[in-house]
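Asker: Hey, dropping protein.csv in here, CSV, C-alpha atoms:
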```csv
chain,number,residue,atom,x,y,z
T,3,MET,CA,-1.7,-9.6,-5.1
T,4,THR,CA,-2.9,-9.1,-8.6
T,5,PRO,CA,-5.8,-9.6,-10.9
T,6,ALA,CA,-6.7,-13.2,-11.7
T,7,SER,CA,-5.5,-12.7,-15.3
T,8,SER,CA,-2.0,-11.6,-14.3
T,9,ASP,CA,0.8,-13.0,-12.3
T,10,PHE,CA,2.8,-10.1,-10.8
T,11,ALA,CA,5.9,-12.2,-11.0
T,12,GLU,CA,5.9,-11.5,-14.7
T,13,VAL,CA,6.9,-7.9,-13.8
T,14,GLY,CA,8.8,-8.9,-10.7
T,15,GLY,CA,12.1,-7.5,-12.0
T,16,ALA,CA,10.5,-4.1,-12.8
T,17,TYR,CA,8.8,-4.1,-9.4
T,18,ALA,CA,12.0,-4.9,-7.6
T,19,ALA,CA,13.8,-2.0,-9.4
T,20,TYR,CA,10.9,0.3,-8.5
T,21,SER,CA,10.9,-0.7,-4.8
T,22,SER,CA,14.6,-0.1,-4.5
T,23,GLY,CA,14.6,3.2,-6.4
T,24,GLY,CA,13.7,6.6,-5.0
T,25,ARG,CA,10.0,6.5,-5.9
T,26,GLY,CA,9.4,3.0,-4.4
T,27,ARG,CA,11.4,3.9,-1.2
T,28,LEU,CA,9.2,7.0,-0.7
T,29,ARG,CA,6.1,4.8,-0.8
T,30,HIS,CA,7.5,2.2,1.5
T,31,ASP,CA,9.1,4.6,4.0
T,32,ILE,CA,6.1,6.8,4.4
T,33,THR,CA,3.5,4.0,4.7
T,34,ALA,CA,5.7,1.9,7.0
T,35,ARG,CA,6.4,4.8,9.3
T,36,ARG,CA,2.7,5.6,9.7
T,37,VAL,CA,1.7,2.0,10.3
T,38,LEU,CA,4.5,1.5,12.8
T,39,ASP,CA,3.5,4.7,14.6
T,40,GLU,CA,-0.1,3.5,14.9
T,41,LEU,CA,0.9,0.1,16.1
T,42,GLY,CA,3.1,1.3,18.9
T,43,GLU,CA,5.8,-0.6,20.7
T,44,ASN,CA,4.0,-3.8,21.8
T,45,PRO,CA,4.3,-6.8,19.4
T,46,ALA,CA,1.2,-7.1,17.2
T,47,ARG,CA,-0.3,-9.8,15.0
T,48,VAL,CA,-0.2,-8.3,11.5
T,49,LEU,CA,-1.6,-9.6,8.3
T,50,ASP,CA,-0.1,-8.2,5.0
T,51,VAL,CA,-2.5,-9.0,2.1
T,52,GLY,CA,-0.8,-8.9,-1.2
T,53,CYS,CA,2.6,-8.9,0.3
T,54,GLY,CA,4.4,-9.1,-3.0
T,55,ASP,CA,8.1,-9.7,-2.5
T,56,GLY,CA,7.9,-9.1,1.2
T,57,GLU,CA,9.0,-5.5,1.6
T,58,MET,CA,6.4,-4.6,4.3
T,59,VAL,CA,6.6,-8.0,5.9
T,60,TRP,CA,10.3,-7.5,6.3
T,61,ARG,CA,9.8,-4.0,7.8
T,62,LEU,CA,7.1,-5.1,10.2
T,63,ALA,CA,8.9,-8.2,11.4
T,64,ALA,CA,12.1,-6.2,11.9
T,65,ALA,CA,10.2,-3.9,14.2
T,66,GLY,CA,9.2,-6.9,16.3
T,67,HIS,CA,5.7,-7.8,15.1
T,68,ARG,CA,4.4,-11.2,14.2
T,69,VAL,CA,3.5,-11.0,10.5
T,70,THR,CA,1.5,-13.2,8.2
T,71,GLY,CA,2.0,-12.4,4.5
T,72,VAL,CA,-0.6,-13.5,1.9
T,73,GLU,CA,0.2,-13.4,-1.9
T,74,ARG,CA,-1.5,-15.0,-4.8
T,75,SER,CA,1.5,-14.9,-7.1
T,76,THR,CA,3.7,-18.0,-6.4
T,77,GLY,CA,6.7,-16.2,-7.9
T,78,MET,CA,6.4,-13.2,-5.7
T,79,LEU,CA,5.8,-15.4,-2.7
T,80,THR,CA,9.0,-17.3,-3.4
T,81,ALA,CA,10.8,-14.0,-3.6
T,82,ALA,CA,9.3,-13.0,-0.2
T,83,ALA,CA,10.4,-16.3,1.3
T,84,GLU,CA,14.0,-15.9,0.1
T,85,ARG,CA,14.1,-12.3,1.4
T,86,ILE,CA,13.0,-13.4,4.9
T,87,ALA,CA,15.2,-16.4,4.9
T,88,ALA,CA,18.2,-14.1,4.3
T,89,VAL,CA,17.6,-12.6,7.8
T,90,PRO,CA,17.4,-15.7,10.1
T,91,GLN,CA,16.3,-13.7,13.2
T,92,LEU,CA,13.1,-12.8,11.5
T,93,ALA,CA,12.1,-16.3,10.4
T,94,GLY,CA,10.2,-17.1,13.7
T,95,ARG,CA,8.0,-14.0,13.3
T,96,VAL,CA,6.9,-14.5,9.7
T,97,THR,CA,4.4,-16.9,8.1
T,98,LEU,CA,3.8,-16.8,4.3
T,99,VAL,CA,0.7,-18.1,2.8
T,100,GLU,CA,-0.5,-18.4,-0.8
T,101,GLY,CA,-4.0,-16.9,-1.0
T,102,ASP,CA,-6.5,-14.5,-2.5
T,103,ILE,CA,-8.0,-11.3,-1.0
T,104,TYR,CA,-11.5,-12.7,-1.8
T,105,ALA,CA,-11.0,-15.9,0.1
T,106,LEU,CA,-8.7,-15.2,3.1
T,107,PRO,CA,-8.4,-18.4,5.3
T,108,PHE,CA,-8.6,-16.6,8.6
T,109,ASP,CA,-11.2,-16.3,11.3
T,110,ASP,CA,-12.9,-12.9,12.0
T,111,ALA,CA,-11.0,-10.5,14.3
T,112,SER,CA,-7.8,-12.6,14.0
T,113,PHE,CA,-5.3,-9.7,13.6
T,114,ASP,CA,-4.3,-6.5,15.5
T,115,ALA,CA,-3.6,-4.9,12.1
T,116,VAL,CA,-4.4,-5.7,8.5
T,117,VAL,CA,-2.4,-3.9,5.8
T,118,CYS,CA,-3.1,-4.1,2.1
T,119,HIS,CA,-0.8,-1.8,0.1
T,120,GLY,CA,-0.8,-1.6,-3.7
T,121,VAL,CA,-3.5,-4.1,-4.3
T,122,VAL,CA,-7.0,-2.5,-4.5
T,123,MET,CA,-5.9,-0.4,-7.4
T,124,TYR,CA,-5.6,-3.5,-9.6
T,125,LEU,CA,-9.1,-4.8,-8.6
T,126,SER,CA,-12.4,-3.9,-10.2
T,127,ASP,CA,-13.8,-2.2,-7.1
T,128,SER,CA,-12.9,-1.5,-3.5
T,129,VAL,CA,-16.2,-2.4,-1.8
T,130,ALA,CA,-15.8,-6.2,-1.5
T,131,PRO,CA,-12.0,-6.1,-0.8
T,132,THR,CA,-12.5,-3.7,2.0
T,133,ALA,CA,-15.1,-5.9,3.6
T,134,HIS,CA,-12.9,-8.9,3.3
T,135,LEU,CA,-10.1,-7.1,5.0
T,136,ALA,CA,-12.1,-5.3,7.7
T,137,ARG,CA,-13.6,-8.5,9.1
T,138,LEU,CA,-10.2,-9.7,10.1
T,139,VAL,CA,-9.4,-6.6,12.3
T,140,ALA,CA,-9.7,-7.3,16.0
T,141,GLY,CA,-11.0,-4.9,18.6
T,142,GLY,CA,-8.7,-1.9,18.9
T,143,GLY,CA,-7.0,-3.0,15.7
T,144,LEU,CA,-5.9,-1.2,12.6
T,145,LEU,CA,-6.8,-1.4,8.9
T,146,SER,CA,-4.3,0.2,6.4
T,147,ILE,CA,-5.0,0.5,2.7
T,148,LEU,CA,-2.8,2.1,0.1
T,149,THR,CA,-4.1,2.6,-3.4
T,150,LYS,CA,-4.2,5.0,-6.3
T,151,ASN,CA,-5.6,8.4,-5.5
T,152,GLN,CA,-8.6,9.4,-7.7
T,153,LEU,CA,-8.2,13.0,-6.7
T,154,ALA,CA,-4.9,13.3,-8.5
T,155,VAL,CA,-5.7,11.9,-11.9
T,156,GLY,CA,-3.6,13.4,-14.6
T,157,VAL,CA,-1.1,15.1,-12.3
T,158,ARG,CA,1.8,12.6,-13.1
T,159,GLU,CA,1.1,12.8,-16.8
T,160,ALA,CA,0.9,16.6,-16.9
T,161,LEU,CA,4.2,16.9,-15.0
T,162,ARG,CA,5.8,14.5,-17.4
T,163,GLY,CA,4.6,16.5,-20.4
T,164,GLN,CA,2.0,13.8,-21.4
T,165,TYR,CA,-0.6,16.5,-21.9
T,166,GLU,CA,-3.1,14.7,-24.0
T,167,SER,CA,-3.5,11.9,-21.5
T,168,ALA,CA,-3.5,14.4,-18.6
T,169,GLN,CA,-6.2,16.5,-20.1
T,170,ALA,CA,-8.4,13.5,-20.9
T,171,GLN,CA,-8.1,12.2,-17.3
T,172,ILE,CA,-8.7,15.6,-15.7
T,173,GLU,CA,-11.7,16.5,-17.9
T,174,THR,CA,-13.4,13.2,-17.4
T,175,GLY,CA,-12.3,12.3,-13.9
T,176,GLN,CA,-11.2,9.0,-15.4
T,177,SER,CA,-9.1,7.3,-12.7
T,178,ALA,CA,-8.0,4.3,-14.8
T,179,SER,CA,-4.6,4.6,-16.4
T,180,LEU,CA,-1.6,2.6,-17.3
T,181,GLY,CA,0.9,2.4,-14.4
T,182,ASN,CA,4.7,2.3,-14.5
T,183,LEU,CA,4.6,-1.5,-14.5
T,184,GLY,CA,2.5,-1.6,-17.7
T,185,ILE,CA,-0.7,-2.7,-15.9
T,186,THR,CA,-3.9,-0.5,-15.8
T,187,THR,CA,-4.7,0.8,-12.3
T,188,ARG,CA,-8.0,2.2,-10.9
T,189,GLY,CA,-8.2,5.0,-8.3
T,190,ASP,CA,-10.4,5.6,-5.3
T,191,ALA,CA,-11.2,8.9,-3.5
T,192,PRO,CA,-10.1,9.1,0.2
T,193,ASP,CA,-13.6,9.9,1.3
T,194,HIS,CA,-15.0,6.8,-0.4
T,195,LEU,CA,-12.5,4.6,1.3
T,196,ASP,CA,-13.3,6.2,4.7
T,197,ASP,CA,-17.0,5.6,4.1
T,198,LEU,CA,-16.2,1.9,3.4
T,199,ALA,CA,-14.3,1.7,6.6
T,200,ARG,CA,-17.3,3.1,8.5
T,201,ALA,CA,-19.6,0.7,6.8
T,202,ASN,CA,-17.5,-2.1,8.1
T,203,GLY,CA,-17.5,-0.9,11.7
T,204,LEU,CA,-14.2,1.0,11.8
T,205,THR,CA,-13.4,4.6,12.5
T,206,PRO,CA,-11.3,6.4,9.9
T,207,LEU,CA,-8.0,8.1,11.0
T,208,PRO,CA,-6.4,11.0,9.1
T,209,TRP,CA,-5.4,9.8,5.6
T,210,GLN,CA,-2.2,10.5,3.8
T,211,GLY,CA,-1.2,11.5,0.3
T,212,VAL,CA,1.9,9.6,-0.9
T,213,ARG,CA,4.4,10.8,-3.5
T,214,ILE,CA,3.1,14.3,-3.8
T,215,PHE,CA,6.1,16.0,-5.2
T,216,HIS,CA,8.2,13.2,-6.7
T,217,ASP,CA,5.8,10.9,-8.5
T,218,HIS,CA,6.6,12.2,-11.9
T,219,CYS,CA,10.3,11.3,-11.4
T,220,PRO,CA,11.6,8.6,-13.8
T,221,ASN,CA,11.5,5.0,-12.7
T,222,ASP,CA,15.3,5.0,-12.3
T,223,TRP,CA,15.3,8.1,-10.1
T,224,ALA,CA,18.1,7.3,-7.5
T,225,PRO,CA,19.1,10.4,-5.7
T,226,LYS,CA,22.0,10.6,-3.4
T,227,GLU,CA,21.1,9.6,0.2
T,228,GLU,CA,21.2,13.2,1.5
T,229,ASP,CA,18.9,14.3,-1.3
T,230,TYR,CA,16.6,11.3,-0.8
T,231,GLN,CA,16.3,12.0,3.0
T,232,ALA,CA,15.4,15.7,2.2
T,233,ALA,CA,12.8,14.6,-0.3
T,234,LEU,CA,11.4,12.1,2.2
T,235,ALA,CA,11.2,14.8,4.9
T,236,VAL,CA,9.2,17.2,2.7
T,237,GLU,CA,6.9,14.4,1.5
T,238,TRP,CA,6.2,13.3,5.0
T,239,ALA,CA,5.5,16.9,6.1
T,240,ALA,CA,2.9,17.3,3.3
T,241,SER,CA,1.4,13.8,3.5
T,242,THR,CA,-1.3,14.7,6.1
T,243,ARG,CA,-1.8,18.4,5.2
T,244,SER,CA,-4.3,19.8,2.7
T,245,PRO,CA,-4.1,20.9,-0.1
T,246,TYR,CA,-0.9,19.0,-0.6
T,247,ARG,CA,-2.1,15.5,0.3
T,248,GLU,CA,-4.9,15.6,-2.3
T,249,LEU,CA,-2.1,15.7,-5.0
T,250,GLY,CA,-0.4,12.5,-4.0
T,251,ARG,CA,-0.4,9.8,-6.6
T,252,LEU,CA,-1.3,7.3,-3.9
T,253,VAL,CA,-3.7,7.6,-1.0
T,254,HIS,CA,-3.0,5.8,2.3
T,255,THR,CA,-6.2,5.4,4.4
T,256,LEU,CA,-6.2,4.0,7.9
T,257,ALA,CA,-9.1,3.1,10.3
T,258,ARG,CA,-9.4,1.5,13.7
T,259,ARG,CA,-11.9,-0.8,15.2
T,260,GLU,CA,-13.2,0.2,18.6
T,261,ALA,CA,-11.6,-1.7,21.4
T,262,THR,CA,-13.6,-4.4,23.0
T,263,ALA,CA,-14.3,-4.3,26.8
```
Translate the structure of the given file into structure tokens.

Answerer:
Amino acid sequence: MTPASSDFAEVGGAYAAYSSGGRGRLRHDITARRVLDELGENPARVLDVGCGDGEMVWRLAAAGHRVTGVERSTGMLTAAAERIAAVPQLAGRVTLVEGDIYALPFDDASFDAVVCHGVVMYLSDSVAPTAHLARLVAGGGLLSILTKNQLAVGVREALRGQYESAQAQIETGQSASLGNLGITTRGDAPDHLDDLARANGLTPLPWQGVRIFHDHCPNDWAPKEEDYQAALAVEWAASTRSPYRELGRLVHTLARREATA
């Protein structure tokens, strides 16, 4: 799900390459593992807002959950539909809907989990989007948001030797910068996202930093599988531990609504 002025399908090829490369895999593997751990073994009703080309939809459905994917980009939604259609056994668990985060066509408390990964960073603020997402979380349910980490501004640029940009971001605390897909992204601090969860009646869970040690790797970083698994293991170990998690390019916050009697 992207800003109104941009169709993410325009950078769909670049996004697909990113998702299948080492950096994208780290993001998807870490966030999916945490969400699936929180969901447990029982099949859940899950909403993926801004589902893109269906990466998380595919993972959640493959784990046995019933998943509704929402995406405003018709091109990306088509890519998601093709991806799911390629695995016939998943088709009965997946519904794809064209829609917008600000006008989600679902009743309150309709889902056991609402995930929104890689969306809020492209929007002007996180307050209204979090409220729109939180209202859909049922009692005992989970809200999962992945966005850019304001605490780590300038880290990627510094490690890549882009010192002027890094210094400007660090000295000003400026969280807006140009992402790898050529689109400006905006960051949020984890504490702010946790406060928004509380304001919407949810209790925050421990948050994660994502891509702590490997974010500065080039877009085409494609390590051998053994090396990738070693990188994933160290990233996972650091993702919930301070001070490492504060340096993650992305922040993954989770919150749960109290179960109803």

Asker: For stretch 104-108 of chain T, work out the shell of residues within 10 Å, counting only C-alpha atoms and skipping chain neighbours fewer than 5 positions away, then give it as a list in words.

Answerer: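 Everything that qualifies: Leu49, Val51, Val72, Val99, Phe113, Ala130, Pro131, Thr132, Ala133, His134, Leu135, Arg137 and Leu138 of chain T.
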
Asker: Could you list as a PDB file with C-alpha atoms, in the frame of the given file every residue that has an atom within 10 Å of (-17.3, 1.3, 10.0), using the file's coordinates and counting all atoms listed in the file?

Answerer:
```pdb
ATOM      1  CA  ALA T 133     -15.100  -5.900   3.600  1.00  0.00           C
ATOM      2  CA  ALA T 136     -12.100  -5.300   7.700  1.00  0.00           C
ATOM      3  CA  ASP T 196     -13.300   6.200   4.700  1.00  0.00           C
ATOM      4  CA  ASP T 197     -17.000   5.600   4.100  1.00  0.00           C
ATOM      5  CA  LEU T 198     -16.200   1.900   3.400  1.00  0.00           C
ATOM      6  CA  ALA T 199     -14.300   1.700   6.600  1.00  0.00           C
ATOM      7  CA  ARG T 200     -17.300   3.100   8.500  1.00  0.00           C
ATOM      8  CA  ALA T 201     -19.600   0.700   6.800  1.00  0.00           C
ATOM      9  CA  ASN T 202     -17.500  -2.100   8.100  1.00  0.00           C
ATOM     10  CA  GLY T 203     -17.500  -0.900  11.700  1.00  0.00           C
ATOM     11  CA  LEU T 204     -14.200   1.000  11.800  1.00  0.00           C
ATOM     12  CA  THR T 205     -13.400   4.600  12.500  1.00  0.00           C
ATOM     13  CA  PRO T 206     -11.300   6.400   9.900  1.00  0.00           C
ATOM     14  CA  ALA T 257      -9.100   3.100  10.300  1.00  0.00           C
ATOM     15  CA  ARG T 258      -9.400   1.500  13.700  1.00  0.00           C
ATOM     16  CA  ARG T 259     -11.900  -0.800  15.200  1.00  0.00           C
ATOM     17  CA  GLU T 260     -13.200   0.200  18.600  1.00  0.00           C
TER      18      GLU T 260
END
```

Asker: Nearest residue to T:Thr80 out of T:Val212, T:Glu228, T:His67, T:Gly54, using all atoms listed in the file?

Answerer: T:Gly54

Asker: Please list as a VMD selection string every residue within 12 Å of T:Gln210, counting all atoms listed in the file and excluding residues in the same chain fewer than 3 positions away.

Answerer: chain T and resid 29 32 to 33 35 to 37 146 to 151 191 to 193 196 206 to 207 213 to 214 237 to 256

Asker: Skipping near chain neighbours, those fewer than 5 positions away, what residues fall within 10 Å of T:Gly94 using all atoms listed in the file, listed as a ChimeraX atom specification?

Answerer: /T:63,68-69,86

Asker: Measuring atom to atom with all atoms listed in the file, identify which of T:Phe215, T:Ser22, T:Glu40, T:Asp109 is nearest to T:Val157.

Answerer: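 Nearest candidate to T:Val157 out of T:Phe215, T:Ser22, T:Glu40, T:Asp109: T:Phe215.
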
Asker: Provide the atom CA of T:Leu62 to atom CA of T:Ala34 distance in Å, to one decimal place.

Answerer: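 Atom-to-atom, atom CA of T:Leu62 to atom CA of T:Ala34, that is 7.8 Å.
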
Asker: By how many Å are atom CA of T:Arg158 and atom CA of T:Asp217 apart?

Answerer: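 If I compute the distance from atom CA of T:Arg158 to atom CA of T:Asp217, I get 6.3 Å.
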
Asker: What does the structure give for the distance between atom CA of T:Gly211 and atom CA of T:Gln171, in Å to one decimal?

Answerer: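 For atom CA of T:Gly211 relative to atom CA of T:Gln171, the distance reads 18.9 Å.
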
Asker: I need the residue nearest T:Leu195 from this list: T:Asp55, T:Asp110, T:Asp127, T:Glu227. Use only C-alpha atoms for the distance.

Answerer: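 Result for the nearest residue to T:Leu195: T:Asp127.
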
Asker: Using all atoms listed in the file, which residue out of T:Val116, T:Gln169, T:Ala261, T:Arg25 lies closest to T:Pro220?

Answerer: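 For T:Pro220, the nearest of the given residues is T:Arg25.
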
Asker: Just checking: using all atoms listed in the file, which residue out of T:Val89, T:Leu41, T:Met58, T:Asp102 ends up closest to T:Thr76?

Answerer: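 Among T:Val89, T:Leu41, T:Met58, T:Asp102, it is T:Asp102 that comes nearest to T:Thr76.
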
Asker: Which residue, T:Thr70, T:Thr97, T:Ser167, T:Thr174, has the smallest gap to T:Val48 when you use all atoms listed in the file?

Answerer: T:Thr70

Asker: Would you mind listing what lies within 9 Å of T:Gly24 as a PyMOL selection string, with only C-alpha atoms counted and same-chain residues fewer than 5 positions away left out?

Answerer: chain T and resi 29+216+219+221-225+230
